[in-house]
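One structure is given here, and the rest of the page talks about it.
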Amino acid sequence: MDIIICAKHVPETAEAELKIDATGKNIDKTGLVFDINEWDDYALEEAVRMKEKQGGSVTAITVGADDSDSTLRKCMARGADKAVRITDPKFNGSDGFAVAKILHSAIKNLHYDLILTGAQAGDDGSAMVGPILAELLKIHHVTMVKKIELGAGVAKVNRELEGGLEEQIEVKLPAVFSVQTGINEPRYVSIMGIRKAMQKEIKVMTLADTGLTENDVGPAGSWISIENMYVPPVEKQAEFLKGSPEEVAAKLTDLLKAKGLI
Amino acid sequence: MRDITFEMLTKARELAAKTGSELTAVLLDKNVKQHAQALAEYAKVVLVVEDQKLENFNSETYGRILTNLITEHKPMLVLMGHTSYGVELAPRLATALNLPLATDCIDMTIESGVFKVTRQMYGGKVNVSSVARKAETYFATVRQATFAPQKPTPPENGQIIKIQSPLAEEIEEKRFIQYVLPPPGGVDITAAEKLVGVGRGIKDVANLPMMEDLAKTMGAVLSCSRPIVDKGWLPTDRQVGTSGKTVKPKLYLALGISGAFQHILGMKSSDLIIAINKDPKAPIFSFADYGVVEDLFKVVPALKNKISEVQTKKV
């Protein structure tokens, strides 16, 4: 079974205080740690597990700058056999639609039985690339995937609805599955895996290799373009309790006591 | 029908009025009667497609019908909820019809035919104003609980028009099989008066006992945000948020939870919300009543001790 996983190299921002950069259209990325997009990490794990069970190969593909090599090496260290990076300065400012077109240009020439992506990226949260890629490839897709059961030419897939409910869909393969976090438990990278990955070659493609034109990518090839990025205005704000941890603990305790909660 | 439907209709009415357009609602179902009327109170026209095959959501069947309707009616704007169904259907439909799509929008404007949206990035830590490439038809998915629903007075009394379903046969290549209910959990967090919620900020499963200890001392139940369940540190019955449970306790103490929107939706109606987080700009502080910007590993033990003291004094 040949599986392709689409990975994105993103900054870790869950616990960082973000500032807007000089362009006013992006965050200041100095000091931020970059890693594989959390959702894609789950997709990678799912792909490697399937390969271990069924045999075959896993190819990791990313649209990103040179520094996204570290994400591709991590994919290979975790079990991906091949890696492809598609890089070009003309891609800057691409939205999910443009990125899907770029991925499509490379993937359409590869053999695959299954394509896995993350349900969304932690940076833009658009949740678009998987389904768009499926439409361009003219194959089926399922998003918000929590469980995949492969059959002969079909897959039974659980997808997440709201409130803890799921629905089960049966879909013909090949297909694109966009996986949700929690579908599995990603393993740790082994030292052996890292060593092997360092020796593998990453295939690099540019705009010229994709067969796309400048108008297909970047802002010109996108559905939407960012005009301005800003920290949301605070309409309502909590009353902040100040002081040393002990002082704050005392204030909180008094507060809870006054409200009859303890 | 979910709240998002009426939230979208309210915003759509505003956009329709501003652009001199007509608002049409589309309903796809196996039995439309009960819902069509509710939509007609908001929309000038309600197009209903009634078919047995539409009983359960299926992006293929729904997609085909909407493709026909959008191609025929050429609306200026198509809105859909940014829900599990919306993310399954909208991107594919937009690609097939070549409509610029903006997802998870928290605001939208159309001025002189130019479509602009506001959405969030980086887990709600920043907003972006974006513009769509010029098109005859724009498409947007709308975030839940963002626009306040407001039933028009007097109600619109829209025209309900039945449309023949273009679906001839069952679609075999992608089929709905069944719903899967969440496993029965041991703890019902919706019944708890006090909750201590833990998020990514607790850093390691080894730190859970410290949090459980605080919860116990306070007479609270331990709950969590999604990442904690994804990592397998707590079971799904403890999860608060759109993909978990919605809670309204007397007290919600959030430890190391940044406040991504999906989580906020699950707890914002709590009577008293206290948040402890290292990041002064964490979105949760816009929803909390009281906030502490501090390392939770310093505050939690101190808090546990203080509360124990108070309780010992009581006795």
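Letters A, B, ... go to the chains of the structure tokens in the order shown; residues in each chain start at 1; ligands are counted from 1 in the same order.
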Any idea what's packed within 10 Å of A:Ala100, counting only C-alpha atoms, ignoring anything in its chain fewer than 4 positions away? Could you give it as JSON, numbers by chain?
-> {"A": [6, 63, 94, 95, 96, 104, 105, 128, 129, 130, 131, 132, 133, 134, 135, 136, 217]}
Could you give me, as a ChimeraX atom specification, the residues within 9 Å of A:Ile262, counting only C-alpha atoms and dropping anything in the same chain fewer than 2 positions from it?
-> /A:253,256-260 /B:218-219,307,310-311
For the residues in that selection, give me C-alpha atoms as a CSV table (one decimal), in the first residue's frame.
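Below is the file that was written, out15.csv:
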chain,number,residue,atom,x,y,z
A,253,THR,CA,-9.1,31.5,48.5
A,256,LEU,CA,-13.9,31.4,46.6
A,257,LYS,CA,-14.9,31.6,50.3
A,258,ALA,CA,-16.8,34.9,49.8
A,259,LYS,CA,-18.8,33.2,47.0
A,260,GLY,CA,-19.6,30.2,49.2
B,218,MET,CA,-11.7,22.1,46.5
B,219,GLY,CA,-14.5,19.5,46.2
B,307,ILE,CA,-7.8,26.1,50.8
B,310,VAL,CA,-9.5,27.4,55.4
B,311,GLN,CA,-11.3,24.1,55.5
I'd like the neighbourhood of B:Thr137 as a CSV table (one decimal) with C-alpha atoms, in the first residue's frame, where a residue qualifies if any of its atoms comes within 7 Å (using only C-alpha atoms), though same-chain residues fewer than 3 positions away should be ignored.
chain,number,residue,atom,x,y,z
B,74,LYS,CA,-25.8,32.5,-9.2
B,75,PRO,CA,-26.0,34.0,-5.6
B,76,MET,CA,-23.6,36.8,-4.6
B,77,LEU,CA,-22.7,34.9,-1.4
B,99,LEU,CA,-15.7,30.0,-6.0
Distance filter 7 Å, only C-alpha atoms, chain B against chain A, as a PyMOL selection string | chain B and resi 84+87-88+91-92+95-96+100-103+121-123+125-133+173-182+218+230-231+242-245+279+281+285-292+298-299+302-303+306-307
Take the residues that were just selected and, keeping C-alpha atoms, output them as a PDB file, in the first residue's frame.
ATOM      1  CA  SER B  84     -17.989  19.073  10.844  1.00  0.00           C
ATOM      2  CA  VAL B  87     -15.556  21.449   6.559  1.00  0.00           C
ATOM      3  CA  GLU B  88     -16.431  18.240   4.707  1.00  0.00           C
ATOM      4  CA  PRO B  91     -13.861  23.262   0.211  1.00  0.00           C
ATOM      5  CA  ARG B  92     -14.720  20.610  -2.319  1.00  0.00           C
ATOM      6  CA  THR B  95     -13.181  23.995  -5.911  1.00  0.00           C
ATOM      7  CA  ALA B  96     -15.678  22.296  -8.216  1.00  0.00           C
ATOM      8  CA  PRO B 100     -13.324  31.756  -3.610  1.00  0.00           C
ATOM      9  CA  LEU B 101     -13.926  30.278  -0.164  1.00  0.00           C
ATOM     10  CA  ALA B 102     -13.025  31.758   3.222  1.00  0.00           C
ATOM     11  CA  THR B 103     -13.441  29.412   6.168  1.00  0.00           C
ATOM     12  CA  MET B 121      -5.133  32.278  13.213  1.00  0.00           C
ATOM     13  CA  TYR B 122      -2.775  30.665  15.705  1.00  0.00           C
ATOM     14  CA  GLY B 123      -5.515  29.252  17.896  1.00  0.00           C
ATOM     15  CA  LYS B 125      -4.300  34.583  19.250  1.00  0.00           C
ATOM     16  CA  VAL B 126      -4.485  36.819  16.179  1.00  0.00           C
ATOM     17  CA  ASN B 127      -7.192  38.108  13.851  1.00  0.00           C
ATOM     18  CA  VAL B 128      -6.686  38.581  10.129  1.00  0.00           C
ATOM     19  CA  SER B 129      -8.600  40.794   7.729  1.00  0.00           C
ATOM     20  CA  SER B 130      -8.538  39.156   4.325  1.00  0.00           C
ATOM     21  CA  VAL B 131      -9.919  39.986   0.911  1.00  0.00           C
ATOM     22  CA  ALA B 132     -11.279  37.459  -1.579  1.00  0.00           C
ATOM     23  CA  ARG B 133     -10.285  37.516  -5.228  1.00  0.00           C
ATOM     24  CA  GLU B 173     -18.934   5.287  -3.637  1.00  0.00           C
ATOM     25  CA  LYS B 174     -19.421   7.281  -0.447  1.00  0.00           C
ATOM     26  CA  ARG B 175     -22.150   6.191   1.920  1.00  0.00           C
ATOM     27  CA  PHE B 176     -23.276   6.983   5.432  1.00  0.00           C
ATOM     28  CA  ILE B 177     -23.373   3.812   7.504  1.00  0.00           C
ATOM     29  CA  GLN B 178     -24.320   4.765  11.056  1.00  0.00           C
ATOM     30  CA  TYR B 179     -23.833   7.127  13.939  1.00  0.00           C
ATOM     31  CA  VAL B 180     -21.395   6.097  16.658  1.00  0.00           C
ATOM     32  CA  LEU B 181     -22.221   7.242  20.176  1.00  0.00           C
ATOM     33  CA  PRO B 182     -19.482   8.195  22.630  1.00  0.00           C
ATOM     34  CA  MET B 218     -11.743  22.128  46.532  1.00  0.00           C
ATOM     35  CA  ASP B 230      -5.674  13.421  22.475  1.00  0.00           C
ATOM     36  CA  LYS B 231      -2.550  12.532  24.437  1.00  0.00           C
ATOM     37  CA  THR B 242     -17.306  21.545  20.974  1.00  0.00           C
ATOM     38  CA  SER B 243     -16.125  17.997  20.373  1.00  0.00           C
ATOM     39  CA  GLY B 244     -16.696  17.094  24.025  1.00  0.00           C
ATOM     40  CA  LYS B 245     -19.169  18.387  26.573  1.00  0.00           C
ATOM     41  CA  ASP B 279       0.642  34.088  28.640  1.00  0.00           C
ATOM     42  CA  LYS B 281      -2.570  37.510  26.045  1.00  0.00           C
ATOM     43  CA  PHE B 285      -8.569  35.957  29.782  1.00  0.00           C
ATOM     44  CA  SER B 286     -11.263  37.566  27.626  1.00  0.00           C
ATOM     45  CA  PHE B 287     -13.792  35.129  29.010  1.00  0.00           C
ATOM     46  CA  ALA B 288     -12.569  34.717  32.573  1.00  0.00           C
ATOM     47  CA  ASP B 289     -13.863  36.773  35.478  1.00  0.00           C
ATOM     48  CA  TYR B 290     -10.531  36.592  37.290  1.00  0.00           C
ATOM     49  CA  GLY B 291      -7.096  35.907  35.867  1.00  0.00           C
ATOM     50  CA  VAL B 292      -3.665  35.077  37.171  1.00  0.00           C
ATOM     51  CA  LYS B 298       3.782  27.851  41.677  1.00  0.00           C
ATOM     52  CA  VAL B 299       0.163  28.835  42.208  1.00  0.00           C
ATOM     53  CA  ALA B 302       0.015  27.416  47.221  1.00  0.00           C
ATOM     54  CA  LEU B 303      -3.695  27.453  46.435  1.00  0.00           C
ATOM     55  CA  LYS B 306      -4.524  27.905  51.477  1.00  0.00           C
ATOM     56  CA  ILE B 307      -7.795  26.117  50.769  1.00  0.00           C
TER      57      ILE B 307
END
Tell me which protein, DNA and RNA residues are within 12 Å of A:Gln54, counting only C-alpha atoms, leaving out same-chain ones fewer than 5 positions away, and put them as a count of residues only.
-> 9
Using DSSP on the backbone coordinates, identify all residues within stretch 54-215 of chain A classified as alpha helix (DSSP H); present the result as a PyMOL selection string.
-> chain A and resi 54+69-77+96-107+129-137+191-199+207-210
For the residues selected in the previous step, produce a file with C-alpha atoms as a PDB file, in the first residue's frame.
ATOM      1  CA  GLN A  54       0.098  -3.874   5.176  1.00  0.00           C
ATOM      2  CA  ASP A  69      13.513  19.932   5.750  1.00  0.00           C
ATOM      3  CA  SER A  70      13.563  19.300   9.490  1.00  0.00           C
ATOM      4  CA  THR A  71       9.892  18.326   9.400  1.00  0.00           C
ATOM      5  CA  LEU A  72      10.554  16.005   6.449  1.00  0.00           C
ATOM      6  CA  ARG A  73      13.520  14.428   8.259  1.00  0.00           C
ATOM      7  CA  LYS A  74      11.280  13.885  11.277  1.00  0.00           C
ATOM      8  CA  CYS A  75       8.756  12.155   8.999  1.00  0.00           C
ATOM      9  CA  MET A  76      11.482   9.877   7.689  1.00  0.00           C
ATOM     10  CA  ALA A  77      12.852   9.248  11.160  1.00  0.00           C
ATOM     11  CA  GLY A  96      -5.031  26.675   1.180  1.00  0.00           C
ATOM     12  CA  PHE A  97      -6.370  26.615  -2.373  1.00  0.00           C
ATOM     13  CA  ALA A  98      -2.993  27.568  -3.869  1.00  0.00           C
ATOM     14  CA  VAL A  99      -1.152  25.098  -1.621  1.00  0.00           C
ATOM     15  CA  ALA A 100      -3.541  22.322  -2.667  1.00  0.00           C
ATOM     16  CA  LYS A 101      -2.828  23.106  -6.324  1.00  0.00           C
ATOM     17  CA  ILE A 102       0.910  22.890  -5.672  1.00  0.00           C
ATOM     18  CA  LEU A 103       0.563  19.571  -3.837  1.00  0.00           C
ATOM     19  CA  HIS A 104      -1.672  18.276  -6.594  1.00  0.00           C
ATOM     20  CA  SER A 105       0.918  19.091  -9.248  1.00  0.00           C
ATOM     21  CA  ALA A 106       3.403  16.732  -7.571  1.00  0.00           C
ATOM     22  CA  ILE A 107       1.016  14.041  -6.317  1.00  0.00           C
ATOM     23  CA  VAL A 129      -6.251  21.537   1.741  1.00  0.00           C
ATOM     24  CA  GLY A 130      -7.365  17.876   2.061  1.00  0.00           C
ATOM     25  CA  PRO A 131     -10.799  18.188   0.409  1.00  0.00           C
ATOM     26  CA  ILE A 132      -9.500  20.547  -2.288  1.00  0.00           C
ATOM     27  CA  LEU A 133      -6.703  18.122  -3.121  1.00  0.00           C
ATOM     28  CA  ALA A 134      -9.268  15.317  -3.395  1.00  0.00           C
ATOM     29  CA  GLU A 135     -11.417  17.365  -5.770  1.00  0.00           C
ATOM     30  CA  LEU A 136      -8.406  18.183  -7.963  1.00  0.00           C
ATOM     31  CA  LEU A 137      -7.399  14.507  -8.053  1.00  0.00           C
ATOM     32  CA  ILE A 191      17.970   7.566  17.469  1.00  0.00           C
ATOM     33  CA  MET A 192      18.236   4.858  14.810  1.00  0.00           C
ATOM     34  CA  GLY A 193      15.390   6.500  12.947  1.00  0.00           C
ATOM     35  CA  ILE A 194      17.076   9.895  13.057  1.00  0.00           C
ATOM     36  CA  ARG A 195      20.374   8.435  11.787  1.00  0.00           C
ATOM     37  CA  LYS A 196      18.652   6.683   8.886  1.00  0.00           C
ATOM     38  CA  ALA A 197      16.723   9.824   8.020  1.00  0.00           C
ATOM     39  CA  MET A 198      19.866  11.975   7.848  1.00  0.00           C
ATOM     40  CA  GLN A 199      21.171   9.746   5.073  1.00  0.00           C
ATOM     41  CA  LEU A 207       7.581  26.164  -9.424  1.00  0.00           C
ATOM     42  CA  ALA A 208       9.147  25.210 -12.753  1.00  0.00           C
ATOM     43  CA  ASP A 209       8.886  21.502 -11.872  1.00  0.00           C
ATOM     44  CA  THR A 210       5.195  21.740 -11.017  1.00  0.00           C
TER      45      THR A 210
END
Leaving out B:Arg226 and any residue of its chain fewer than 4 positions from it, which residues lie within 8 Å of it when counting only C-alpha atoms, given as a PDB file with N, CA and C atoms, in the first residue's frame?
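That gives us result13.pdb:
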ATOM      1  N   GLY B 199      -5.179  22.057  30.886  1.00  0.00           N
ATOM      2  CA  GLY B 199      -4.844  22.137  29.468  1.00  0.00           C
ATOM      3  C   GLY B 199      -3.382  21.833  29.249  1.00  0.00           C
ATOM      4  N   ASP B 230      -6.421  13.898  23.647  1.00  0.00           N
ATOM      5  CA  ASP B 230      -5.674  13.421  22.475  1.00  0.00           C
ATOM      6  C   ASP B 230      -4.426  12.660  22.908  1.00  0.00           C
ATOM      7  N   GLN B 239     -13.646  15.694  28.723  1.00  0.00           N
ATOM      8  CA  GLN B 239     -13.328  16.765  27.778  1.00  0.00           C
ATOM      9  C   GLN B 239     -14.415  17.828  27.685  1.00  0.00           C
ATOM     10  N   VAL B 240     -13.997  19.094  27.816  1.00  0.00           N
ATOM     11  CA  VAL B 240     -14.902  20.231  27.663  1.00  0.00           C
ATOM     12  C   VAL B 240     -14.614  20.890  26.314  1.00  0.00           C
ATOM     13  N   GLY B 241     -15.653  21.143  25.531  1.00  0.00           N
ATOM     14  CA  GLY B 241     -15.451  21.817  24.258  1.00  0.00           C
ATOM     15  C   GLY B 241     -16.430  21.336  23.214  1.00  0.00           C
ATOM     16  N   GLY B 244     -16.507  17.802  22.753  1.00  0.00           N
ATOM     17  CA  GLY B 244     -16.696  17.094  24.025  1.00  0.00           C
ATOM     18  C   GLY B 244     -17.995  17.541  24.647  1.00  0.00           C
ATOM     19  N   HIS B 263     -12.821  25.343  22.772  1.00  0.00           N
ATOM     20  CA  HIS B 263     -12.887  25.058  24.204  1.00  0.00           C
ATOM     21  C   HIS B 263     -13.809  26.052  24.897  1.00  0.00           C
TER      22      HIS B 263
END
Out of stretch 204-263 of chain B, which residues get strand (DSSP E or B) from DSSP, as a list in words?
->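 Of stretch 204-263 of chain B, the ones in strand (DSSP E or B) are Val221, Leu222, Ser223, Cys224, Gln239, Val240, Lys245, Leu251, Tyr252, Leu253, Ala254 and Leu255 of chain B.
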Please measure the separation of atom CA of B:Lys18 and atom CA of B:Phe115, giving the value in Å to one decimal.
->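 These atoms are spaced 12.9 Å apart.
We find atom CA of B:Pro184 and atom CA of B:Arg2 to be spaced 24.2 Å apart.
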Where does stretch 19-129 of chain B meet stretch 150-165 of chain B within 8 Å, residue by residue, with the nearest atom pair and distance in Å to one decimal for each, counting only C-alpha atoms, listed by chain and rising number, as a tab-separated table?
residue	atom	partner	partner_atom	distance
B:Ala36	CA	B:Ile160	CA	7.0
B:Gln37	CA	B:Ile160	CA	7.8
B:Leu39	CA	B:Gly158	CA	7.9
B:Ala40	CA	B:Gly158	CA	4.3
B:Glu41	CA	B:Glu156	CA	4.6
B:Tyr42	CA	B:Glu156	CA	5.3
B:Ala43	CA	B:Gly158	CA	5.5
B:Lys44	CA	B:Gly158	CA	4.2
B:Val45	CA	B:Gln159	CA	4.8
B:Val46	CA	B:Ile160	CA	4.7
B:Leu47	CA	B:Ile161	CA	5.0
B:Val48	CA	B:Lys162	CA	4.9
B:Val49	CA	B:Ile163	CA	5.2
B:Glu50	CA	B:Ser165	CA	6.9
B:Asp51	CA	B:Ser165	CA	6.6
B:Ile65	CA	B:Ser165	CA	7.1
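Non-sequential neighbours of B:Lys250 (distance at most 10 Å, separation of 5 or more positions within a chain, only C-alpha atoms) are Lys259 and Leu261 of chain A; Ala192, Glu193, Lys194, Leu195, Ser269, Ser270, Asp271, Leu272 and Ile273 of chain B.
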Go through A:Asp40, A:Leu212, A:Ile139, A:Glu46 and flag the residue nearest A:Tyr112, using only C-alpha atoms for the distances.
-> A:Ile139
Of the candidates A:Thr23, A:Ser190, A:Thr30, A:Thr206, which shows the shortest atom-to-atom distance to A:Ala65, using only C-alpha atoms?
->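 For A:Ala65, the nearest of the candidates is A:Thr206.
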